[in-house]
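Below: my_file-v3.cif (mmCIF, C-alpha atoms (C1' of nucleotides))
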data_query
#
loop_
_atom_site.label_atom_id
_atom_site.label_comp_id
_atom_site.auth_asym_id
_atom_site.auth_seq_id
_atom_site.Cartn_x
_atom_site.Cartn_y
_atom_site.Cartn_z
CA MET A 1 0.00 0.00 0.00
CA ASN A 2 2.49 2.60 1.14
CA ASP A 3 4.96 1.48 -1.46
CA LEU A 4 7.13 4.56 -1.16
CA THR A 5 8.35 3.41 2.24
CA ASN A 6 10.78 0.59 2.75
CA THR A 7 8.61 -1.08 5.37
CA ILE A 8 7.05 -4.52 5.14
CA SER A 9 4.28 -6.45 6.84
CA ILE A 10 4.68 -9.44 9.10
CA GLY A 11 3.60 -11.78 6.31
CA GLU A 12 6.17 -10.44 3.89
CA LEU A 13 8.87 -10.64 6.52
CA ALA A 14 7.85 -14.21 7.29
CA LYS A 15 8.01 -15.18 3.65
CA GLN A 16 11.38 -13.48 3.20
CA PHE A 17 13.00 -15.60 5.91
CA ASP A 18 10.85 -18.68 5.58
CA VAL A 19 9.50 -18.56 9.12
CA THR A 20 5.91 -18.29 10.33
CA ALA A 21 4.30 -15.06 11.45
CA ARG A 22 3.65 -16.79 14.74
CA ALA A 23 7.38 -17.22 15.25
CA ILE A 24 8.00 -13.55 14.52
CA ARG A 25 5.35 -12.49 17.01
CA PHE A 26 6.89 -14.84 19.52
CA TYR A 27 10.30 -13.28 19.08
CA GLU A 28 8.70 -9.92 19.74
CA GLU A 29 6.99 -11.31 22.84
CA GLN A 30 10.42 -12.38 24.06
CA GLY A 31 11.75 -8.89 23.53
CA LEU A 32 13.88 -9.67 20.48
CA LEU A 33 11.97 -7.51 18.01
CA HIS A 34 10.23 -4.16 18.42
CA PRO A 35 8.22 -3.37 15.33
CA VAL A 36 6.36 -0.07 15.05
CA ARG A 37 2.58 -0.15 14.96
CA GLU A 38 0.54 1.37 12.18
CA GLY A 39 -2.85 1.36 13.84
CA THR A 40 -3.06 -2.22 15.01
CA HIS A 41 -0.73 -3.75 12.44
CA ARG A 42 3.00 -4.32 12.88
CA ILE A 43 5.32 -2.74 10.35
CA TYR A 44 8.95 -3.74 9.93
CA TYR A 45 11.89 -1.61 8.84
CA ALA A 46 15.22 -2.72 7.45
CA LYS A 47 16.75 -2.77 10.92
CA ASP A 48 14.12 -5.29 11.96
CA THR A 49 14.99 -7.63 9.12
CA VAL A 50 18.62 -7.38 10.19
CA ARG A 51 17.56 -8.34 13.67
CA LEU A 52 15.61 -11.30 12.41
CA LYS A 53 18.54 -12.44 10.35
CA LEU A 54 20.70 -12.35 13.46
CA ILE A 55 18.08 -14.26 15.45
CA LEU A 56 17.95 -17.05 12.90
CA ARG A 57 21.71 -17.21 12.66
CA GLY A 58 21.92 -17.54 16.42
CA LYS A 59 19.35 -20.28 16.37
CA ARG A 60 21.25 -22.22 13.74
CA LEU A 61 24.19 -22.11 16.11
CA GLY A 62 22.13 -23.58 18.90
CA PHE A 63 21.74 -20.44 20.96
CA SER A 64 18.53 -20.06 22.92
CA LEU A 65 16.36 -17.01 22.37
CA ALA A 66 17.36 -15.84 25.84
CA GLU A 67 21.04 -16.03 24.88
CA ILE A 68 20.35 -14.21 21.65
CA LYS A 69 18.63 -11.53 23.66
CA THR A 70 21.73 -10.99 25.78
CA LEU A 71 23.80 -10.86 22.63
CA PHE A 72 21.52 -8.09 21.41
CA ALA A 73 22.03 -6.32 24.70
CA LEU A 74 25.72 -6.36 23.78
CA TYR A 75 24.96 -4.52 20.60
CA ASP A 76 22.43 -2.13 22.00
CA THR A 77 24.19 -1.09 25.15
CA ASP A 78 24.88 2.59 25.11
CA PRO A 79 28.52 2.39 26.16
CA ASN A 80 28.59 4.95 28.90
CA SER A 81 30.21 3.29 31.86
CA THR A 82 33.53 1.47 31.92
CA VAL A 83 31.85 -1.21 34.02
CA GLN A 84 29.42 -1.94 31.21
CA LEU A 85 32.22 -2.00 28.70
CA GLU A 86 34.23 -4.46 30.72
CA THR A 87 31.17 -6.66 31.18
CA MET A 88 30.71 -6.58 27.44
CA LEU A 89 34.26 -7.67 26.86
CA GLU A 90 33.79 -10.59 29.23
CA LEU A 91 30.63 -11.64 27.41
CA THR A 92 32.24 -11.45 24.00
CA GLN A 93 35.06 -13.57 25.36
CA GLN A 94 32.63 -16.20 26.61
CA LYS A 95 30.82 -16.30 23.30
CA ARG A 96 34.13 -16.57 21.54
CA GLU A 97 34.98 -19.69 23.54
CA VAL A 98 31.66 -21.30 22.71
CA LEU A 99 32.11 -20.53 19.04
CA ASN A 100 35.63 -21.89 19.00
CA GLN A 101 34.40 -25.07 20.65
CA GLN A 102 31.79 -25.33 17.91
CA LEU A 103 34.43 -24.76 15.26
CA HIS A 104 36.37 -27.67 16.71
CA ASP A 105 33.27 -29.84 16.83
CA ILE A 106 32.42 -29.07 13.23
CA LYS A 107 35.89 -29.92 12.03
CA MET A 108 35.75 -33.23 13.86
CA LEU A 109 32.36 -34.06 12.40
CA LEU A 110 33.45 -33.12 8.90
CA ALA A 111 36.46 -35.39 9.28
CA GLU A 112 34.19 -38.20 10.38
CA LEU A 113 31.94 -37.59 7.43
CA ASP A 114 35.02 -37.87 5.22
CA GLU A 115 35.73 -41.29 6.66
CA VAL A 116 32.18 -42.48 6.19
CA GLU A 117 32.17 -41.22 2.63
CA ALA A 118 35.44 -42.89 1.83
CA ARG A 119 34.16 -46.17 3.23
CA CYS A 120 30.99 -45.86 1.18
CA LYS A 121 32.81 -45.15 -2.04
CA GLU A 122 35.15 -48.09 -1.56
CA GLU A 123 32.23 -50.40 -1.05
CA LEU A 124 30.48 -49.00 -4.08
CA ASN A 125 33.58 -49.56 -6.17
CA GLU A 126 33.73 -53.20 -5.19
CA PHE A 127 30.12 -53.62 -6.21
CA THR A 128 30.46 -51.94 -9.59
CA GLN A 129 33.71 -53.69 -10.42
CA GLN A 130 32.62 -57.21 -9.57
CA SER A 131 29.10 -57.06 -10.98
CA GLY A 132 27.31 -54.78 -13.36
CA ASN A 133 24.57 -54.93 -10.73
CA SER A 134 23.04 -51.45 -10.51
CA SER A 135 21.03 -50.47 -7.46
CA HIS A 136 17.64 -51.90 -6.66
CA ALA A 137 16.96 -53.09 -3.07
CA MET B 138 34.85 -53.74 41.79
CA ASN B 139 36.02 -55.61 38.74
CA ASP B 140 39.01 -53.36 38.31
CA LEU B 141 40.75 -55.68 35.87
CA THR B 142 38.17 -54.84 33.19
CA ASN B 143 38.03 -51.54 31.40
CA THR B 144 34.34 -51.09 32.10
CA ILE B 145 32.76 -48.31 34.12
CA SER B 146 29.46 -47.67 35.86
CA ILE B 147 26.87 -45.13 34.87
CA GLY B 148 27.97 -42.85 37.67
CA GLU B 149 31.58 -42.87 36.58
CA LEU B 150 30.60 -42.26 32.99
CA ALA B 151 28.40 -39.38 34.07
CA LYS B 152 31.21 -37.82 36.06
CA GLN B 153 33.65 -38.27 33.20
CA PHE B 154 31.52 -36.23 30.82
CA ASP B 155 29.85 -33.98 33.35
CA VAL B 156 26.33 -35.09 32.56
CA THR B 157 23.72 -36.67 34.83
CA ALA B 158 23.03 -40.40 34.97
CA ARG B 159 19.47 -39.52 34.09
CA ALA B 160 20.64 -38.03 30.81
CA ILE B 161 22.65 -41.16 30.01
CA ARG B 162 19.68 -43.41 30.70
CA PHE B 163 17.58 -41.15 28.53
CA TYR B 164 20.01 -41.47 25.64
CA GLU B 165 19.74 -45.23 26.01
CA GLU B 166 15.94 -44.98 26.09
CA GLN B 167 16.17 -43.11 22.78
CA GLY B 168 18.32 -45.87 21.32
CA LEU B 169 21.60 -43.96 21.29
CA LEU B 170 23.42 -46.17 23.79
CA HIS B 171 23.30 -49.90 24.38
CA PRO B 172 25.20 -50.77 27.56
CA VAL B 173 25.57 -54.38 28.63
CA ARG B 174 23.88 -55.50 31.84
CA GLU B 175 25.71 -57.10 34.72
CA GLY B 176 22.75 -58.39 36.64
CA THR B 177 20.57 -55.32 36.86
CA HIS B 178 23.31 -52.71 36.54
CA ARG B 179 24.52 -51.09 33.35
CA ILE B 180 28.17 -51.40 32.46
CA TYR B 181 29.90 -49.27 29.86
CA TYR B 182 32.81 -50.15 27.61
CA ALA B 183 35.17 -47.83 25.78
CA LYS B 184 32.96 -47.90 22.71
CA ASP B 185 30.12 -46.55 24.81
CA THR B 186 32.17 -43.59 25.99
CA VAL B 187 33.03 -42.88 22.37
CA ARG B 188 29.34 -42.90 21.59
CA LEU B 189 28.58 -40.53 24.42
CA LYS B 190 31.31 -38.19 23.26
CA LEU B 191 29.72 -38.12 19.82
CA ILE B 192 26.30 -37.50 21.30
CA LEU B 193 27.51 -34.50 23.27
CA ARG B 194 29.39 -33.14 20.30
CA GLY B 195 26.26 -33.41 18.19
CA LYS B 196 24.27 -31.64 20.85
CA ARG B 197 26.74 -28.79 21.01
CA LEU B 198 26.17 -28.37 17.30
CA GLY B 199 22.44 -28.10 17.83
CA PHE B 200 21.47 -31.52 16.48
CA SER B 201 18.48 -33.19 18.07
CA LEU B 202 18.88 -36.63 19.59
CA ALA B 203 16.80 -38.00 16.74
CA GLU B 204 19.22 -36.52 14.21
CA ILE B 205 22.17 -37.88 16.14
CA LYS B 206 20.52 -41.27 16.04
CA THR B 207 20.30 -41.18 12.25
CA LEU B 208 23.94 -40.11 12.16
CA PHE B 209 24.75 -43.20 14.19
CA ALA B 210 22.73 -45.24 11.75
CA LEU B 211 25.14 -43.94 9.15
CA TYR B 212 28.03 -45.37 11.08
CA ASP B 213 26.41 -48.61 12.04
CA THR B 214 24.83 -49.55 8.75
CA ASP B 215 26.17 -52.80 7.52
CA PRO B 216 26.92 -51.68 3.98
CA ASN B 217 25.42 -54.51 2.01
CA SER B 218 23.27 -52.85 -0.63
CA THR B 219 24.29 -50.17 -3.05
CA VAL B 220 21.00 -48.42 -2.28
CA GLN B 221 22.01 -48.07 1.36
CA LEU B 222 25.41 -46.76 0.38
CA GLU B 223 23.96 -44.16 -1.92
CA THR B 224 21.49 -43.10 0.76
CA MET B 225 24.40 -42.74 3.12
CA LEU B 226 26.24 -40.54 0.69
CA GLU B 227 23.21 -38.33 0.34
CA LEU B 228 22.93 -37.99 4.11
CA THR B 229 26.58 -37.13 4.55
CA GLN B 230 26.14 -34.52 1.85
CA GLN B 231 23.18 -33.01 3.67
CA LYS B 232 25.06 -32.90 6.95
CA ARG B 233 27.98 -31.35 5.17
CA GLU B 234 25.78 -28.52 3.94
CA VAL B 235 24.42 -27.89 7.41
CA LEU B 236 27.90 -27.85 8.87
CA ASN B 237 29.18 -25.50 6.21
CA GLN B 238 26.26 -23.18 6.91
CA GLN B 239 27.25 -23.26 10.57
CA LEU B 240 30.85 -22.54 9.70
CA HIS B 241 29.67 -19.48 7.80
CA ASP B 242 27.47 -18.41 10.69
CA ILE B 243 30.27 -18.76 13.18
CA LYS B 244 32.62 -16.70 11.08
CA MET B 245 30.01 -13.97 10.79
CA LEU B 246 29.39 -13.95 14.51
CA LEU B 247 33.10 -13.89 15.32
CA ALA B 248 33.52 -10.95 13.00
CA GLU B 249 30.69 -9.17 14.74
CA LEU B 250 32.25 -9.89 18.09
CA ASP B 251 35.44 -8.33 16.77
CA GLU B 252 33.56 -5.16 15.96
CA VAL B 253 31.90 -5.00 19.35
CA GLU B 254 35.23 -5.58 21.04
CA ALA B 255 36.94 -2.90 19.01
CA ARG B 256 34.19 -0.43 19.85
CA CYS B 257 34.49 -1.27 23.54
CA LYS B 258 38.23 -0.86 23.63
CA GLU B 259 38.05 2.49 21.89
CA GLU B 260 35.53 3.74 24.41
CA LEU B 261 37.65 2.46 27.25
CA ASN B 262 40.67 4.28 25.88
CA GLU B 263 38.79 7.56 25.79
CA PHE B 264 37.84 7.11 29.42
CA THR B 265 41.30 6.31 30.66
CA GLN B 266 42.95 9.04 28.61
CA GLN B 267 40.63 11.91 29.46
CA SER B 268 40.05 11.22 33.14
CA GLY B 269 41.78 9.11 35.76
CA ASN B 270 38.18 8.14 36.50
CA SER B 271 38.20 4.40 37.21
CA SER B 272 35.02 2.40 36.93
CA HIS B 273 32.03 2.89 39.14
CA ALA B 274 28.57 2.95 37.57
"C1'" DA C 275 21.82 -56.11 61.49
"C1'" DT C 276 21.41 -51.81 59.65
"C1'" DT C 277 22.98 -48.05 57.42
"C1'" DT C 278 25.05 -46.11 53.45
"C1'" DG C 279 25.86 -45.46 48.62
"C1'" DA C 280 25.13 -46.46 44.05
"C1'" DC C 281 22.18 -48.29 41.24
"C1'" DT C 282 17.31 -49.58 39.32
"C1'" DT C 283 12.31 -48.51 37.30
"C1'" DT C 284 8.13 -45.78 36.96
"C1'" DA C 285 6.06 -41.65 36.54
"C1'" DC C 286 4.91 -37.07 36.71
"C1'" DG C 287 6.86 -32.12 36.08
"C1'" DT C 288 9.11 -28.49 33.33
"C1'" DA C 289 11.25 -24.97 30.16
"C1'" DA C 290 11.79 -23.59 25.43
"C1'" DA C 291 9.92 -22.61 21.05
"C1'" DC C 292 6.72 -22.43 18.80
"C1'" DG C 293 1.86 -24.83 16.42
"C1'" DT C 294 -2.84 -24.43 16.18
"C1'" DA C 295 -7.49 -23.13 16.90
"C1'" DA C 296 -10.96 -19.55 18.03
"C1'" DA C 297 -12.86 -15.29 17.49
"C1'" DC C 298 -12.21 -10.84 16.13
"C1'" DC C 299 -11.05 -6.51 12.95
"C1'" DT C 300 -10.45 -4.22 8.47
"C1'" DA C 301 -9.11 -3.08 3.87
"C1'" DA C 302 -9.59 -4.27 -0.92
"C1'" DT C 303 -12.07 -6.64 -4.54
"C1'" DG C 304 -15.50 -8.98 -7.50
"C1'" DC D 305 -22.37 -5.83 0.02
"C1'" DA D 306 -20.41 -9.97 0.96
"C1'" DT D 307 -16.33 -12.29 0.51
"C1'" DT D 308 -11.56 -12.99 0.73
"C1'" DA D 309 -6.85 -11.97 2.37
"C1'" DG D 310 -4.23 -10.51 5.74
"C1'" DG D 311 -3.72 -8.99 10.21
"C1'" DT D 312 -4.82 -9.08 15.58
"C1'" DT D 313 -5.12 -11.25 20.60
"C1'" DT D 314 -5.88 -15.07 23.77
"C1'" DA D 315 -5.12 -19.41 25.07
"C1'" DC D 316 -4.37 -24.07 25.12
"C1'" DG D 317 -1.54 -28.01 22.88
"C1'" DT D 318 2.96 -30.21 21.55
"C1'" DT D 319 7.69 -31.76 21.22
"C1'" DT D 320 12.33 -32.22 23.06
"C1'" DA D 321 15.42 -33.21 26.64
"C1'" DC D 322 15.81 -33.99 30.39
"C1'" DG D 323 14.77 -32.85 36.15
"C1'" DT D 324 12.89 -34.62 40.10
"C1'" DA D 325 10.69 -37.36 43.33
"C1'" DA D 326 9.17 -42.11 44.95
"C1'" DA D 327 10.01 -46.61 46.00
"C1'" DG D 328 12.67 -50.56 45.60
"C1'" DT D 329 17.31 -53.62 44.99
"C1'" DC D 330 21.89 -54.91 46.21
"C1'" DA D 331 26.67 -54.90 47.92
"C1'" DA D 332 29.87 -53.08 51.14
"C1'" DA D 333 31.02 -50.94 55.37
"C1'" DT D 334 30.03 -49.94 60.35
#
Could you show the structure in this file as structure tokens?
Amino acid sequence: MNDLTNTISIGELAKQFDVTARAIRFYEEQGLLHPVREGTHRIYYAKDTVRLKLILRGKRLGFSLAEIKTLFALYDTDPNSTVQLETMLELTQQKREVLNQQLHDIKMLLAELDEVEARCKEELNEFTQQSGNSSHA
Amino acid sequence: MNDLTNTISIGELAKQFDVTARAIRFYEEQGLLHPVREGTHRIYYAKDTVRLKLILRGKRLGFSLAEIKTLFALYDTDPNSTVQLETMLELTQQKREVLNQQLHDIKMLLAELDEVEARCKEELNEFTQQSGNSSHA
DNA sequence: ATTTGACTTTACGTAAACGTAAACCTAATG
DNA sequence: CATTAGGTTTACGTTTACGTAAAGTCAAAT
């Protein structure tokens, strides 16, 4: 309707990120999104879509919505006191450790997948060499 | 008691990996572990601890226990039919994509943490340069 | 003999992250 | 004007991954 603005509705946002509108409302309920109201309807700006992108990224990494919220607090904090700043640095350090652990885990899993794949391909080679038998249960 | 064997009890296993015995029993209930029984008690061999390590690693990566179970199926499948092997290869490929997505996510997050940290340190420098004011809210 | 400690099963409780249904409003469209 | 498409709130349901009693078994130590 108001096509001159760069705002979108909840349905459009949902479609853009392949999540349900329910999920988006839930994120708002948990304090992760703060859309403006146009009458009764929610309208979303570019900054909101950035937020949603960050939420989904966090989720893919196994963070809870609560954790994601504290990560947002990191971003949003108006850095006025040195105490806050130092707290922030501690938090970033903690997150860094978690992420590095995940990096390690991923590398291990990828290595294991390599092994499985290699095993599979060997077996398949034996099959195709010995018999022209193609695959049917 | 039987200290000549390399088996351990559920309590020892729990302590080793810093999880509860309840969790371990639950993993068994879900078909992820298959300890031998000595009378009524569960006893765990080295292969079981390897399994548990894999379970926890999977969990850290945000996989559900059900997904971990199918990953185990990958390992355990007796590779007799080419169909099974090809299915396995497809699954490893899927997992690979997920893991690569996570790798990307982690790198993005780490980069964002870098920014936050840099911002913090700048602010802290301003404080310490301009005033001897140490930190109190 | 009894207490202690570690184990067992059964079963109900819980937090997180939504799904789903009900019942409503409201703007655009045939 | 009635319908359809999208939005709203409220509220209860669901799945996952365990937590937390309750009540019993069994071996070892006091």
* Spell out the residues picked by the PyMOL selection byres ((chain D and resi 324) around 12) here, as a list in words. => Arg159 of chain B; DA285, DC286, DG287 and DT288 of chain C; DC322, DG323, DA325 and DA326 of chain D
Chain and number of each residue from the PyMOL selection byres ((chain B) within 8 of (chain D)), as a short mmCIF file (atom, residue, chain, number, x, y, z; two decimals) with C-alpha atoms, keeping the file's coordinate frame:
data_model
loop_
_atom_site.label_atom_id
_atom_site.label_comp_id
_atom_site.auth_asym_id
_atom_site.auth_seq_id
_atom_site.Cartn_x
_atom_site.Cartn_y
_atom_site.Cartn_z
CA ARG B 159 19.47 -39.52 34.09
CA ALA B 160 20.64 -38.03 30.81
CA PHE B 163 17.58 -41.15 28.53
CA SER B 201 18.48 -33.19 18.07
#
* Fewer than 2 positions away in the same chain doesn't count, so skip those; otherwise give me all residues within 12 Å of B:Leu211, counting all atoms listed in the file, as a ChimeraX atom specification. => /A:112-113,115-117,119-120 /B:204-209,213-216,221-230,232
Keeping only C-alpha atoms, write the selected residues as an mmCIF file, in the frame of the given file.
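And here is the file that came out, result-v7.cif:
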data_model
loop_
_atom_site.group_PDB
_atom_site.id
_atom_site.type_symbol
_atom_site.label_atom_id
_atom_site.label_comp_id
_atom_site.auth_asym_id
_atom_site.auth_seq_id
_atom_site.Cartn_x
_atom_site.Cartn_y
_atom_site.Cartn_z
ATOM 1 C CA GLU A 112 34.190 -38.200 10.380
ATOM 2 C CA LEU A 113 31.940 -37.590 7.430
ATOM 3 C CA GLU A 115 35.730 -41.290 6.660
ATOM 4 C CA VAL A 116 32.180 -42.480 6.190
ATOM 5 C CA GLU A 117 32.170 -41.220 2.630
ATOM 6 C CA ARG A 119 34.160 -46.170 3.230
ATOM 7 C CA CYS A 120 30.990 -45.860 1.180
ATOM 8 C CA GLU B 204 19.220 -36.520 14.210
ATOM 9 C CA ILE B 205 22.170 -37.880 16.140
ATOM 10 C CA LYS B 206 20.520 -41.270 16.040
ATOM 11 C CA THR B 207 20.300 -41.180 12.250
ATOM 12 C CA LEU B 208 23.940 -40.110 12.160
ATOM 13 C CA PHE B 209 24.750 -43.200 14.190
ATOM 14 C CA ASP B 213 26.410 -48.610 12.040
ATOM 15 C CA THR B 214 24.830 -49.550 8.750
ATOM 16 C CA ASP B 215 26.170 -52.800 7.520
ATOM 17 C CA PRO B 216 26.920 -51.680 3.980
ATOM 18 C CA GLN B 221 22.010 -48.070 1.360
ATOM 19 C CA LEU B 222 25.410 -46.760 0.380
ATOM 20 C CA GLU B 223 23.960 -44.160 -1.920
ATOM 21 C CA THR B 224 21.490 -43.100 0.760
ATOM 22 C CA MET B 225 24.400 -42.740 3.120
ATOM 23 C CA LEU B 226 26.240 -40.540 0.690
ATOM 24 C CA GLU B 227 23.210 -38.330 0.340
ATOM 25 C CA LEU B 228 22.930 -37.990 4.110
ATOM 26 C CA THR B 229 26.580 -37.130 4.550
ATOM 27 C CA GLN B 230 26.140 -34.520 1.850
ATOM 28 C CA LYS B 232 25.060 -32.900 6.950
#
Within 8 Å of chain B, which residues of chain C come that close, and what is the closest atom pair and distance in Å for each? Count all atoms listed in the file and give it as a Markdown table.
| residue | atom | partner | partner_atom | distance |
| --- | --- | --- | --- | --- |
| C:DA280 | C1' | B:Gly148 | CA | 7.9 |
| C:DC281 | C1' | B:His178 | CA | 6.6 |
| C:DT282 | C1' | B:Thr177 | CA | 7.0 |
* To do: Measuring atom to atom with only C-alpha atoms, identify which of A:Thr5, A:Gln102, A:Gln16, A:Asn125 is nearest to chain B.
  =>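 Nearest to chain B: A:Gln102.
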* To do: Give as a PyMOL selection string every residue, naming chains and numbers as the document does, that has an atom within 12 Å of (38.4, -41.8, 26.0), counting only C-alpha atoms (C1' of nucleotides).
  => chain B and resi 143-145+150+153-154+181-191
* **Proximity to chain A - best of B:Ile180, B:Ile161, B:Leu236, B:Leu193, only C-alpha atoms** => B:Leu236
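Separating atom CA of B:Ala210 from atom CA of B:Leu170 is a distance of 12.1 Å.
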* **Separation of atom C1' of C:DA290 from atom CA of B:Leu169 in Å** => 23.0 Å
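Comparing the minimum interatomic distances between A:Leu103 and each of B:Lys152, B:Pro172, B:Arg194, B:Ala158, counting only C-alpha atoms, we find that B:Arg194 sits nearest.
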* Asked: Quick one, how far is atom CA of A:Arg96 from atom CA of A:Glu29?
  ->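 Going from atom CA of A:Arg96 over to atom CA of A:Glu29, I get 27.7 Å.
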* Asked: Restricting the calculation to all atoms listed in the file, which member of A:Val36, A:Asn100, A:Ala14, A:Tyr27 is positioned closest to chain B?
  ->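 That would be A:Asn100, the residue with the smallest distance to chain B.
Residue nearest chain B, chosen from A:Glu12, A:Ala118, A:Gly62, A:Ile55 and counting only C-alpha atoms: A:Gly62.
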* To do: Compare B:Ala203, B:Gly168, B:Glu175, B:Leu198 by their minimum atom-to-atom distance to chain A, counting all atoms listed in the file, and give me the closest one.
  => B:Leu198
